[in-house]
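What follows is run_0.cif (mmCIF, C-alpha atoms).
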data_structure
loop_
_atom_site.label_atom_id
_atom_site.label_comp_id
_atom_site.auth_asym_id
_atom_site.auth_seq_id
_atom_site.Cartn_x
_atom_site.Cartn_y
_atom_site.Cartn_z
CA MET A 15 -102.42 -24.75 98.42
CA SER A 16 -104.13 -22.69 100.98
CA THR A 17 -100.84 -21.16 102.16
CA THR A 18 -100.11 -19.55 98.78
CA GLU A 19 -103.46 -17.85 98.64
CA VAL A 20 -102.96 -14.13 98.23
CA LYS A 21 -104.80 -12.15 100.82
CA LYS A 22 -107.18 -9.79 99.09
CA ALA A 23 -107.22 -6.28 100.48
CA PRO A 24 -110.63 -5.49 101.97
CA LYS A 25 -112.62 -3.40 99.55
CA GLU A 26 -112.83 0.20 100.61
CA GLY A 27 -116.26 1.72 101.02
CA LEU A 28 -117.12 4.78 98.95
CA PHE A 29 -117.31 6.89 102.09
CA SER A 30 -114.74 5.14 104.29
CA LYS A 31 -113.03 7.09 107.04
CA LYS A 32 -110.07 7.88 104.79
CA ASN A 33 -112.34 9.15 102.03
CA ARG A 34 -114.42 11.26 104.41
CA LYS A 35 -111.22 12.90 105.59
CA LEU A 36 -110.57 14.03 102.01
CA ILE A 37 -113.68 16.18 102.24
CA THR A 38 -113.41 17.42 105.82
CA ASP A 39 -109.69 18.25 105.89
CA PRO A 40 -109.80 21.15 103.42
CA LEU A 41 -112.62 22.78 105.38
CA ASN A 42 -110.33 23.71 108.25
CA ASP A 43 -106.92 22.06 108.73
CA SER A 44 -105.71 22.43 105.17
CA ASN A 45 -108.10 25.08 103.89
CA PRO A 46 -107.00 26.06 100.37
CA VAL A 47 -107.41 29.81 100.92
CA THR A 48 -106.29 30.47 104.49
CA VAL A 49 -103.71 27.69 104.97
CA GLN A 50 -102.38 26.67 101.57
CA VAL A 51 -102.58 30.30 100.27
CA LEU A 52 -104.18 29.28 96.97
CA GLY A 53 -106.86 30.95 94.90
CA ILE A 54 -106.91 34.17 96.87
CA CYS A 55 -107.28 36.53 93.93
CA SER A 56 -110.84 35.62 93.11
CA ALA A 57 -111.80 34.95 96.74
CA LEU A 58 -111.39 38.64 97.53
CA ALA A 59 -112.75 40.27 94.43
CA VAL A 60 -116.17 38.65 94.17
CA THR A 61 -117.33 38.81 97.80
CA VAL A 62 -119.16 42.14 97.76
CA GLN A 63 -122.42 40.22 97.32
CA VAL A 64 -123.37 36.76 98.60
CA LYS A 65 -124.91 35.82 95.27
CA ASN A 66 -121.72 36.49 93.32
CA ALA A 67 -119.65 34.67 95.93
CA PHE A 68 -121.95 31.65 95.71
CA VAL A 69 -121.86 31.49 91.92
CA MET A 70 -118.09 31.82 91.95
CA ALA A 71 -117.66 29.13 94.61
CA ALA A 72 -119.98 26.76 92.73
CA SER A 73 -118.09 27.34 89.47
CA VAL A 74 -114.71 26.75 91.06
CA THR A 75 -115.97 23.60 92.80
CA ALA A 76 -117.34 22.24 89.53
CA VAL A 77 -114.10 22.93 87.65
CA THR A 78 -111.97 21.47 90.46
CA ILE A 79 -113.99 18.24 90.59
CA LEU A 80 -114.15 17.77 86.81
CA GLY A 81 -110.50 18.74 86.29
CA ASN A 82 -109.43 16.35 89.04
CA VAL A 83 -111.45 13.48 87.56
CA LEU A 84 -110.27 14.04 83.99
CA MET A 85 -106.62 14.33 84.95
CA SER A 86 -106.92 11.34 87.27
CA LEU A 87 -108.32 9.25 84.41
CA MET A 88 -105.50 10.41 82.15
CA ARG A 89 -102.73 10.19 84.74
CA ASN A 90 -101.15 7.06 83.26
CA ILE A 91 -101.18 8.11 79.62
CA VAL A 92 -100.00 11.73 79.84
CA PRO A 93 -96.20 12.03 79.57
CA ASN A 94 -94.72 13.86 82.52
CA ARG A 95 -92.98 16.51 80.41
CA ILE A 96 -96.09 17.94 78.80
CA ARG A 97 -98.47 17.55 81.74
CA ILE A 98 -98.69 21.29 82.50
CA ILE A 99 -99.88 22.08 78.97
CA VAL A 100 -102.38 19.22 79.08
CA GLN A 101 -103.68 20.48 82.44
CA LEU A 102 -104.01 24.03 81.15
CA VAL A 103 -105.95 22.86 78.10
CA VAL A 104 -108.28 20.66 80.17
CA VAL A 105 -108.92 23.43 82.70
CA ALA A 106 -109.35 26.10 80.01
CA ALA A 107 -111.88 23.92 78.17
CA LEU A 108 -113.84 23.37 81.40
CA VAL A 109 -113.79 27.10 82.17
CA ILE A 110 -115.12 27.91 78.70
CA ILE A 111 -118.05 25.56 79.41
CA VAL A 112 -118.67 27.21 82.80
CA ASP A 113 -118.43 30.70 81.28
CA GLN A 114 -120.90 29.93 78.50
CA THR A 115 -123.28 28.30 81.01
CA LEU A 116 -123.19 31.33 83.29
CA LYS A 117 -123.78 33.65 80.33
CA ALA A 118 -126.78 31.56 79.31
CA PHE A 119 -128.48 31.23 82.71
CA VAL A 120 -127.31 34.02 85.04
CA TYR A 121 -126.19 36.74 82.65
CA ASP A 122 -126.21 39.58 85.19
CA VAL A 123 -123.99 37.68 87.65
CA SER A 124 -121.61 36.72 84.86
CA LYS A 125 -121.34 40.41 83.90
CA GLN A 126 -120.53 41.36 87.49
CA LEU A 127 -117.91 38.64 87.86
CA SER A 128 -116.35 40.04 84.63
CA VAL A 129 -112.81 38.76 84.16
CA PHE A 130 -112.84 36.58 87.23
CA VAL A 131 -114.67 33.72 85.52
CA GLY A 132 -111.85 33.52 82.98
CA LEU A 133 -109.36 33.72 85.79
CA ILE A 134 -110.61 30.39 87.17
CA ILE A 135 -108.07 28.99 84.66
CA THR A 136 -105.22 30.43 86.67
CA ASN A 137 -106.85 29.71 90.02
CA CYS A 138 -104.04 27.96 91.84
CA ILE A 139 -106.43 25.66 93.74
CA ILE A 140 -107.27 23.81 90.56
CA MET A 141 -103.73 23.42 89.24
CA GLY A 142 -102.51 22.73 92.77
CA ARG A 143 -104.99 19.92 93.44
CA ILE A 144 -104.37 18.33 90.03
CA GLU A 145 -100.60 18.41 90.60
CA ALA A 146 -100.69 17.35 94.22
CA PHE A 147 -103.53 14.84 94.23
CA ALA A 148 -105.21 13.82 90.98
CA LEU A 149 -101.99 12.79 89.21
CA GLY A 150 -101.32 10.19 91.90
CA ASN A 151 -104.77 8.93 92.85
CA LYS A 152 -107.76 7.04 91.48
CA PRO A 153 -110.76 8.96 90.10
CA TRP A 154 -113.14 8.55 93.08
CA PRO A 155 -110.79 9.93 95.75
CA SER A 156 -110.00 12.71 93.27
CA VAL A 157 -113.70 13.61 93.10
CA LEU A 158 -113.85 13.82 96.89
CA ASP A 159 -110.65 15.83 97.06
CA GLY A 160 -111.97 18.27 94.46
CA LEU A 161 -115.27 18.56 96.32
CA GLY A 162 -113.55 19.12 99.65
CA ASN A 163 -111.27 21.82 98.33
CA GLY A 164 -114.10 23.48 96.46
CA LEU A 165 -116.14 23.56 99.67
CA GLY A 166 -113.18 24.86 101.68
CA TYR A 167 -112.88 27.71 99.18
CA GLY A 168 -116.64 28.20 99.24
CA ILE A 169 -116.77 28.51 103.05
CA VAL A 170 -114.30 31.39 103.06
CA LEU A 171 -116.08 33.09 100.17
CA MET A 172 -119.53 32.78 101.73
CA THR A 173 -118.34 34.02 105.14
CA LEU A 174 -116.72 37.06 103.57
CA GLY A 175 -119.75 37.59 101.33
CA VAL A 176 -122.22 37.50 104.22
CA VAL A 177 -120.18 39.90 106.37
CA ARG A 178 -119.52 42.35 103.54
CA GLU A 179 -123.03 42.43 102.13
CA LEU A 180 -124.79 42.53 105.53
CA PHE A 181 -122.70 45.35 107.04
CA GLY A 182 -121.99 47.11 103.76
CA SER A 183 -125.45 47.33 102.28
CA GLY A 184 -127.79 45.74 104.85
CA LYS A 185 -128.82 43.02 102.44
CA LEU A 186 -128.29 39.30 101.93
CA TRP A 187 -128.58 37.75 98.46
CA GLY A 188 -129.97 41.09 97.29
CA ALA A 189 -132.87 41.05 99.80
CA GLN A 190 -133.15 43.73 102.47
CA VAL A 191 -132.27 42.12 105.84
CA LEU A 192 -131.77 45.18 108.00
CA PRO A 193 -135.08 47.06 107.80
CA GLU A 194 -134.92 50.41 106.02
CA SER A 195 -136.10 52.14 109.23
CA TRP A 196 -132.95 51.02 111.09
CA ILE A 197 -130.56 52.41 108.53
CA TYR A 198 -129.47 56.00 108.97
CA SER A 199 -129.73 58.27 105.96
CA VAL A 200 -130.53 61.90 105.24
CA ASN A 201 -134.21 61.01 104.78
CA ASN A 202 -134.23 58.77 107.83
CA PRO A 203 -132.30 60.48 110.65
CA ASP A 204 -133.79 58.13 113.30
CA GLY A 205 -131.92 55.10 112.01
CA TRP A 206 -129.29 53.74 114.41
CA TYR A 207 -127.12 51.93 111.87
CA VAL A 208 -124.90 53.80 109.42
CA LEU A 209 -124.09 51.63 106.42
CA ASN A 210 -120.40 50.80 106.42
CA ASN A 211 -119.36 51.77 102.92
CA PHE A 212 -115.74 51.06 103.67
CA ILE A 213 -116.37 47.33 103.99
CA ILE A 214 -117.36 47.21 100.33
CA LEU A 215 -114.05 48.71 99.19
CA PRO A 216 -111.18 46.38 98.21
CA PRO A 217 -108.77 47.01 101.14
CA MET A 218 -111.35 45.84 103.67
CA ALA A 219 -111.59 42.46 101.93
CA LEU A 220 -107.91 41.93 102.60
CA MET A 221 -108.27 42.89 106.24
CA LEU A 222 -111.29 40.62 106.69
CA VAL A 223 -109.28 37.68 105.37
CA GLY A 224 -106.56 38.69 107.84
CA LEU A 225 -109.11 38.63 110.66
CA TYR A 226 -110.50 35.28 109.44
CA ILE A 227 -107.00 33.80 109.56
CA TRP A 228 -106.44 35.28 113.01
CA ILE A 229 -109.62 33.74 114.40
CA GLN A 230 -109.02 30.39 112.68
CA ARG A 231 -105.45 30.09 113.96
CA ALA A 232 -106.35 31.20 117.45
CA ARG A 233 -108.78 28.27 117.62
CA ASN A 234 -106.61 25.81 115.73
CA THR A 235 -103.20 26.49 117.25
CA LYS A 236 -101.28 23.88 115.27
CA LEU A 237 -101.58 26.12 112.19
CA ILE A 238 -99.56 28.95 113.77
CA GLU A 239 -96.44 29.85 111.77
CA SER A 240 -93.14 30.06 113.64
CA MET B 10 -102.49 62.24 76.86
CA GLU B 11 -105.01 59.47 77.14
CA VAL B 12 -102.20 56.94 76.89
CA LEU B 13 -100.42 58.59 79.82
CA ASN B 14 -103.69 58.68 81.73
CA ILE B 15 -104.18 54.94 81.27
CA PHE B 16 -100.58 54.37 82.36
CA ILE B 17 -100.88 56.34 85.62
CA LYS B 18 -104.28 54.85 86.32
CA ALA B 19 -102.97 51.31 85.90
CA ILE B 20 -100.08 51.91 88.29
CA PHE B 21 -101.82 53.67 91.14
CA ILE B 22 -105.60 53.63 90.97
CA ASP B 23 -106.51 50.35 89.29
CA ASN B 24 -103.53 48.66 90.89
CA MET B 25 -103.51 44.93 90.14
CA ILE B 26 -102.97 44.01 93.80
CA PHE B 27 -104.91 46.60 95.75
CA ALA B 28 -107.92 47.07 93.49
CA PHE B 29 -108.30 43.69 91.75
CA PHE B 30 -106.29 41.29 93.94
CA LEU B 31 -104.65 39.70 90.92
CA GLY B 32 -101.46 37.70 91.33
CA MET B 33 -101.96 37.46 95.09
CA CYS B 34 -100.58 33.93 95.41
CA SER B 35 -97.06 34.73 94.23
CA TYR B 36 -97.34 38.19 95.81
CA LEU B 37 -97.71 36.57 99.24
CA ALA B 38 -95.35 33.66 98.60
CA VAL B 39 -92.37 35.52 97.12
CA SER B 40 -92.42 38.69 99.23
CA LYS B 41 -90.07 37.51 101.96
CA SER B 42 -86.95 39.28 100.65
CA VAL B 43 -86.64 42.49 98.63
CA LYS B 44 -84.11 40.96 96.22
CA THR B 45 -86.31 38.18 94.87
CA ALA B 46 -89.29 40.55 94.91
CA ILE B 47 -87.45 42.93 92.56
CA GLY B 48 -86.53 40.04 90.24
CA LEU B 49 -90.08 38.71 90.07
CA GLY B 50 -91.52 42.22 89.69
CA ALA B 51 -89.25 42.89 86.70
CA ALA B 52 -90.20 39.55 85.14
CA VAL B 53 -93.92 40.32 85.54
CA ILE B 54 -93.53 43.79 83.96
CA PHE B 55 -91.72 42.21 81.00
CA VAL B 56 -94.14 39.32 80.47
CA LEU B 57 -97.22 41.56 80.84
CA GLY B 58 -95.72 44.15 78.49
CA MET B 59 -95.16 41.51 75.82
CA THR B 60 -98.18 39.21 76.10
CA VAL B 61 -100.92 41.86 76.30
CA PRO B 62 -100.00 43.46 72.94
CA LEU B 63 -99.72 39.97 71.39
CA ASN B 64 -103.15 39.08 72.74
CA TYR B 65 -104.45 42.47 71.56
CA LEU B 66 -103.51 41.51 68.00
CA LEU B 67 -105.15 38.10 68.41
CA GLU B 68 -108.29 39.68 69.83
CA ASN B 69 -108.62 42.28 67.08
CA TYR B 70 -107.62 40.24 64.04
CA LEU B 71 -108.99 36.83 64.97
CA LEU B 72 -111.45 36.66 67.83
CA LYS B 73 -113.87 39.52 68.22
CA PRO B 74 -117.07 39.68 66.18
CA GLY B 75 -116.22 40.68 62.61
CA ALA B 76 -112.48 40.58 63.27
CA LEU B 77 -111.84 38.24 60.37
CA SER B 78 -112.87 40.87 57.78
CA TRP B 79 -109.23 41.25 56.66
CA LEU B 80 -109.37 37.62 55.55
CA LEU B 81 -112.92 36.99 54.39
CA GLY B 82 -114.21 40.45 53.53
CA GLU B 83 -116.65 42.59 55.52
CA LYS B 84 -119.80 40.70 54.67
CA GLU B 85 -118.80 37.11 55.37
CA ALA B 86 -116.89 38.00 58.54
CA ALA B 87 -119.75 39.93 60.14
CA GLY B 88 -121.47 36.84 61.50
CA ILE B 89 -118.39 35.17 62.97
CA ASP B 90 -117.73 35.54 66.69
CA LEU B 91 -114.86 33.46 68.02
CA SER B 92 -114.55 35.27 71.36
CA PHE B 93 -115.48 32.13 73.33
CA LEU B 94 -112.06 30.80 72.29
CA SER B 95 -110.23 33.72 73.88
CA PHE B 96 -109.44 32.01 77.22
CA ILE B 97 -107.69 29.10 75.58
CA LEU B 98 -105.75 31.23 73.07
CA PHE B 99 -104.72 33.83 75.67
CA ILE B 100 -103.44 31.21 78.10
CA ALA B 101 -101.60 29.45 75.27
CA VAL B 102 -99.85 32.71 74.34
CA VAL B 103 -98.93 33.34 77.98
CA ALA B 104 -97.64 29.80 78.55
CA ALA B 105 -95.63 29.79 75.33
CA PHE B 106 -94.16 33.20 76.09
CA VAL B 107 -93.17 32.25 79.63
CA GLN B 108 -91.49 29.14 78.26
CA LEU B 109 -89.59 31.33 75.77
CA VAL B 110 -88.53 33.79 78.47
CA GLU B 111 -87.40 30.94 80.69
CA MET B 112 -85.28 29.40 77.95
CA SER B 113 -83.66 32.67 76.88
CA VAL B 114 -82.92 33.78 80.46
CA GLU B 115 -81.34 30.37 81.12
CA LYS B 116 -79.17 30.73 78.03
CA PHE B 117 -78.13 34.38 78.19
CA LEU B 118 -78.41 35.38 81.87
CA PRO B 119 -77.60 32.26 83.89
CA ALA B 120 -77.02 34.25 87.08
CA LEU B 121 -80.52 35.75 87.01
CA TYR B 122 -81.91 32.32 86.14
CA GLY B 123 -80.30 30.87 89.26
CA ALA B 124 -81.83 33.59 91.42
CA LEU B 125 -85.32 33.33 89.92
CA GLY B 126 -85.27 29.62 88.98
CA ILE B 127 -88.45 28.36 90.60
CA PHE B 128 -90.45 31.57 90.22
CA LEU B 129 -90.11 31.99 86.47
CA PRO B 130 -92.47 29.16 85.44
CA LEU B 131 -94.87 30.35 88.17
CA ILE B 132 -95.51 33.47 86.10
CA ALA B 133 -97.55 31.37 83.64
CA VAL B 134 -100.19 30.77 86.30
CA ASN B 135 -99.94 34.26 87.79
CA CYS B 136 -103.44 35.62 87.35
CA SER B 137 -102.22 39.19 86.84
CA ILE B 138 -100.86 38.17 83.42
CA LEU B 139 -104.03 36.50 82.16
CA GLY B 140 -106.03 39.18 83.99
CA GLY B 141 -104.19 41.87 82.01
CA ALA B 142 -105.21 40.20 78.76
CA LEU B 143 -108.83 39.77 79.89
CA PHE B 144 -109.11 43.40 81.07
CA MET B 145 -107.68 44.48 77.72
CA GLN B 146 -110.44 42.47 76.03
CA GLU B 147 -113.17 43.80 78.31
CA ARG B 148 -112.19 47.46 78.08
CA GLN B 149 -111.68 47.42 74.29
CA TYR B 150 -108.71 49.76 74.05
CA PRO B 151 -108.75 51.71 70.78
CA SER B 152 -105.14 51.04 69.77
CA ILE B 153 -102.25 48.74 70.55
CA LEU B 154 -100.45 51.71 72.12
CA HIS B 155 -103.21 52.07 74.72
CA ALA B 156 -103.12 48.36 75.45
CA THR B 157 -99.34 48.36 75.87
CA SER B 158 -99.31 51.34 78.19
CA PHE B 159 -102.03 49.66 80.28
CA ALA B 160 -100.00 46.44 80.41
CA VAL B 161 -96.71 48.07 81.37
CA GLY B 162 -98.48 50.25 83.93
CA SER B 163 -100.16 47.26 85.53
CA GLY B 164 -96.84 45.44 85.66
CA ILE B 165 -95.15 48.41 87.34
CA GLY B 166 -98.01 48.68 89.82
CA TRP B 167 -97.67 44.99 90.69
CA ALA B 168 -93.90 45.30 91.07
CA ILE B 169 -94.23 48.36 93.34
CA ALA B 170 -96.70 46.49 95.54
CA ILE B 171 -94.59 43.35 95.95
CA ILE B 172 -91.37 45.30 96.60
CA LEU B 173 -93.08 47.47 99.24
CA LEU B 174 -94.55 44.44 100.99
CA ALA B 175 -91.21 42.62 100.92
CA ALA B 176 -89.52 45.64 102.49
CA ILE B 177 -92.16 45.82 105.25
CA ARG B 178 -91.95 42.08 105.89
CA GLU B 179 -88.17 42.26 106.27
CA ARG B 180 -88.71 44.81 109.04
CA ILE B 181 -91.66 43.20 110.74
CA ARG B 182 -89.56 40.16 111.63
CA TYR B 183 -88.38 42.09 114.69
CA SER B 184 -91.76 43.19 116.00
CA HIS B 185 -94.19 41.41 118.31
CA VAL B 186 -97.06 40.18 116.21
CA PRO B 187 -99.74 38.09 118.00
CA ALA B 188 -98.89 34.42 117.37
CA PRO B 189 -101.99 33.42 115.34
CA LEU B 190 -101.52 36.46 113.12
CA ARG B 191 -97.88 35.77 112.24
CA GLY B 192 -96.91 35.18 108.63
CA LEU B 193 -99.96 35.06 106.41
CA GLY B 194 -102.43 36.96 108.60
CA ILE B 195 -100.32 40.04 109.12
CA SER B 196 -99.39 40.11 105.42
CA PHE B 197 -103.07 40.39 104.54
CA ILE B 198 -103.66 43.19 107.03
CA LEU B 199 -100.55 45.03 105.83
CA THR B 200 -101.74 44.73 102.24
CA GLY B 201 -105.09 46.14 103.30
CA LEU B 202 -103.42 49.12 104.95
CA MET B 203 -101.27 49.69 101.86
CA GLY B 204 -104.44 49.48 99.79
CA ILE B 205 -106.01 52.28 101.85
CA ALA B 206 -102.92 54.38 101.21
CA PHE B 207 -103.12 53.73 97.48
CA MET B 208 -106.78 54.72 97.45
CA SER B 209 -105.67 58.28 98.12
CA PHE B 210 -104.44 58.43 94.52
CA MET B 211 -108.01 58.05 93.32
CA GLY B 212 -108.57 61.68 92.34
CA ILE B 213 -105.53 62.00 90.07
CA LYS B 214 -106.30 62.88 86.45
CA PHE B 215 -104.21 64.18 83.59
#
If you convert what's in this file into structure tokens, what do you get?
Amino acid sequence: MSTTEVKKAPKEGLFSKKNRKLITDPLNDSNPVTVQVLGICSALAVTVQVKNAFVMAASVTAVTILGNVLMSLMRNIVPNRIRIIVQLVVVAALVIIVDQTLKAFVYDVSKQLSVFVGLIITNCIIMGRIEAFALGNKPWPSVLDGLGNGLGYGIVLMTLGVVRELFGSGKLWGAQVLPESWIYSVNNPDGWYVLNNFIILPPMALMLVGLYIWIQRARNTKLIES
Amino acid sequence: MEVLNIFIKAIFIDNMIFAFFLGMCSYLAVSKSVKTAIGLGAAVIFVLGMTVPLNYLLENYLLKPGALSWLLGEKEAAGIDLSFLSFILFIAVVAAFVQLVEMSVEKFLPALYGALGIFLPLIAVNCSILGGALFMQERQYPSILHATSFAVGSGIGWAIAIILLAAIRERIRYSHVPAPLRGLGISFILTGLMGIAFMSFMGIKF
């Protein structure tokens, strides 16, 4: 009798080592923006100010988590052939909710993000994670995977946002960080720092991402492409 | 004249890649050879040029505040604003259209289908297509002609960018790029440099 007893797999803790890895991996080794090349469009366009970058990162994280969970719950009942349409509808519905929420609570930020809130629908991170992870995994790991990838995206956005806002306009989150007396202008010729207007322009965002990738891969040499 | 102005502006000044970073994912992934870049560029021009006018009609006769007046009369339609539905309708139009293009290319141009195969369905999630529709909505173009010239111009701008990058990347294979910068990193920096060059078009006006 005792020989036929089926060995029960030990129950996995909510934050077991495997599950923790789901969150920490996308922060560096498989970062969605700099390694998987996903979701770059919005990462570059909204980083002129830290506040916009933060709102965008939070929105994308929320949509990634919720989309992952919903698709993971539905993974056994959605026929394979129509899964892309189902995913698009789920994601579009979530983005409508996010868009209306932003319009209700942070109207000025939502105006500045303009079309990029709507473009969360086509953000490849979300579709990519649903395709690659949520369709084959249980809901809880999908939550963690969504959170990890959202944070990985957020880290890049916040880094770019801090650099661009600090050197471009001497502010962080809209508050003056470099004192006015340091900044050179016609009225203040004693200032030693000339605001770098170029860093606010679009081409510099691309170059900063290039530099970010350079630094990241110099430290993490296994990511280097042959 | 204004139509031409919008067209030139969409190609050079408000370039989808260099000014708004739209469609970057496929721009970086498919720019390894000039041949596939030309194919994808042409497909994007076509899909943008068709879906933006379609979405323009949807926006003006269904979604925007008071747009239903042709159906219900001025008074009843005035209070109806369906614009929160625009994301879901726009993406449905884009997805359906890409499916249609894919099927007809497979049937009538099998050779092109073989060359583009994997990249055709990717166009549905290319943000430059949905972005075109959303910019059209935001900027409220006065006529469908304006919207179409904006769409075709944006498509041409995107195609120019991806073909140029593909040509540079074919050359750069033979140069000594620092190891951590190879591949993705240098593509970003190249795009930035191209963006600076395109900024010199900023003063053009017709």
Counting only C-alpha atoms, which residues of chain A fall within 7 Å of chain B, and what is the closest atom pair for each with its distance in Å at one decimal, ordered by chain and rising number, as a tab-separated table?
residue	atom	partner	partner_atom	distance
A:Val51	CA	B:Cys34	CA	6.4
A:Leu52	CA	B:Cys34	CA	6.1
A:Gly53	CA	B:Cys34	CA	7.0
A:Ile54	CA	B:Met33	CA	6.2
A:Cys55	CA	B:Phe30	CA	4.9
A:Leu58	CA	B:Phe30	CA	6.8
A:Ala59	CA	B:Phe29	CA	6.2
A:Val103	CA	B:Ile97	CA	7.0
A:Ala106	CA	B:Ile97	CA	5.6
A:Ile110	CA	B:Phe93	CA	6.8
A:Val129	CA	B:Leu143	CA	5.9
A:Gly132	CA	B:Phe96	CA	6.4
A:Leu133	CA	B:Cys136	CA	6.4
A:Thr136	CA	B:Val134	CA	5.1
A:Pro216	CA	B:Ala28	CA	5.8
A:Pro217	CA	B:Gly201	CA	4.4
A:Met218	CA	B:Gly201	CA	6.3
A:Leu220	CA	B:Gly201	CA	5.1
A:Met221	CA	B:Ile198	CA	4.7
A:Val223	CA	B:Phe197	CA	6.8
A:Gly224	CA	B:Gly194	CA	4.5
A:Ile227	CA	B:Gly194	CA	5.6
A:Trp228	CA	B:Leu190	CA	5.1
A:Arg231	CA	B:Pro189	CA	5.0
A:Ala232	CA	B:Pro189	CA	5.3
A:Ile238	CA	B:Pro189	CA	5.3
A:Glu239	CA	B:Arg191	CA	6.1
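Taken over the whole file, the PyMOL selection byres ((chain B and resi 152) around 12) covers exactly Glu11, Val12, Pro62, Tyr65, Leu66, Glu68, Asn69, Met145, Gln146, Arg148, Gln149, Tyr150, Pro151, Ile153, Leu154, His155, Ala156, Thr157, Ser158 and Phe159 of chain B.
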Quick check, in Å to one decimal: how far apart do atom CA of Leu71 of chain B and atom CA of Val123 of chain A lie?
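A separation of 27.2 Å between them.
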Give me the residues near Ala71 of chain A as a PyMOL selection string, where near means some atom within 6 Å (using all atoms listed in the file) and where sequence neighbours in that chain fewer than 3 positions away do not count.
chain A and resi 68+74+168
Proximity to Gly48 of chain B - best of B:Tyr70, B:Ala86, B:Leu80, B:Ile132, all atoms listed in the file:
B:Ile132
Atom CA of Glu179 of chain A to atom CA of Leu41 of chain A, distance in Å rounded to a single decimal:
22.5 Å
Rounded to one decimal in Å, what is the spacing between atom CA of Tyr207 of chain A and atom CA of Met211 of chain B?
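Here the two named atoms are 27.3 Å from each other.
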Among the residues B:Gly58, B:Ile172, B:Ile213, B:Ile165, the one that comes closest to Ile20 of chain B [using only C-alpha atoms]
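The answer is B:Ile165, which sits nearest to Ile20 of chain B.
Among the candidate residues A:Leu28, A:Val191, A:Met85, A:Val60, the one lying nearest to Glu145 of chain A is A:Met85, with distances computed using all atoms listed in the file.
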Calculated over only C-alpha atoms, which of the candidates A:Asp159, A:Ile169, A:Arg97, A:Ser56 has the smallest distance to Val131 of chain A?
A:Ser56
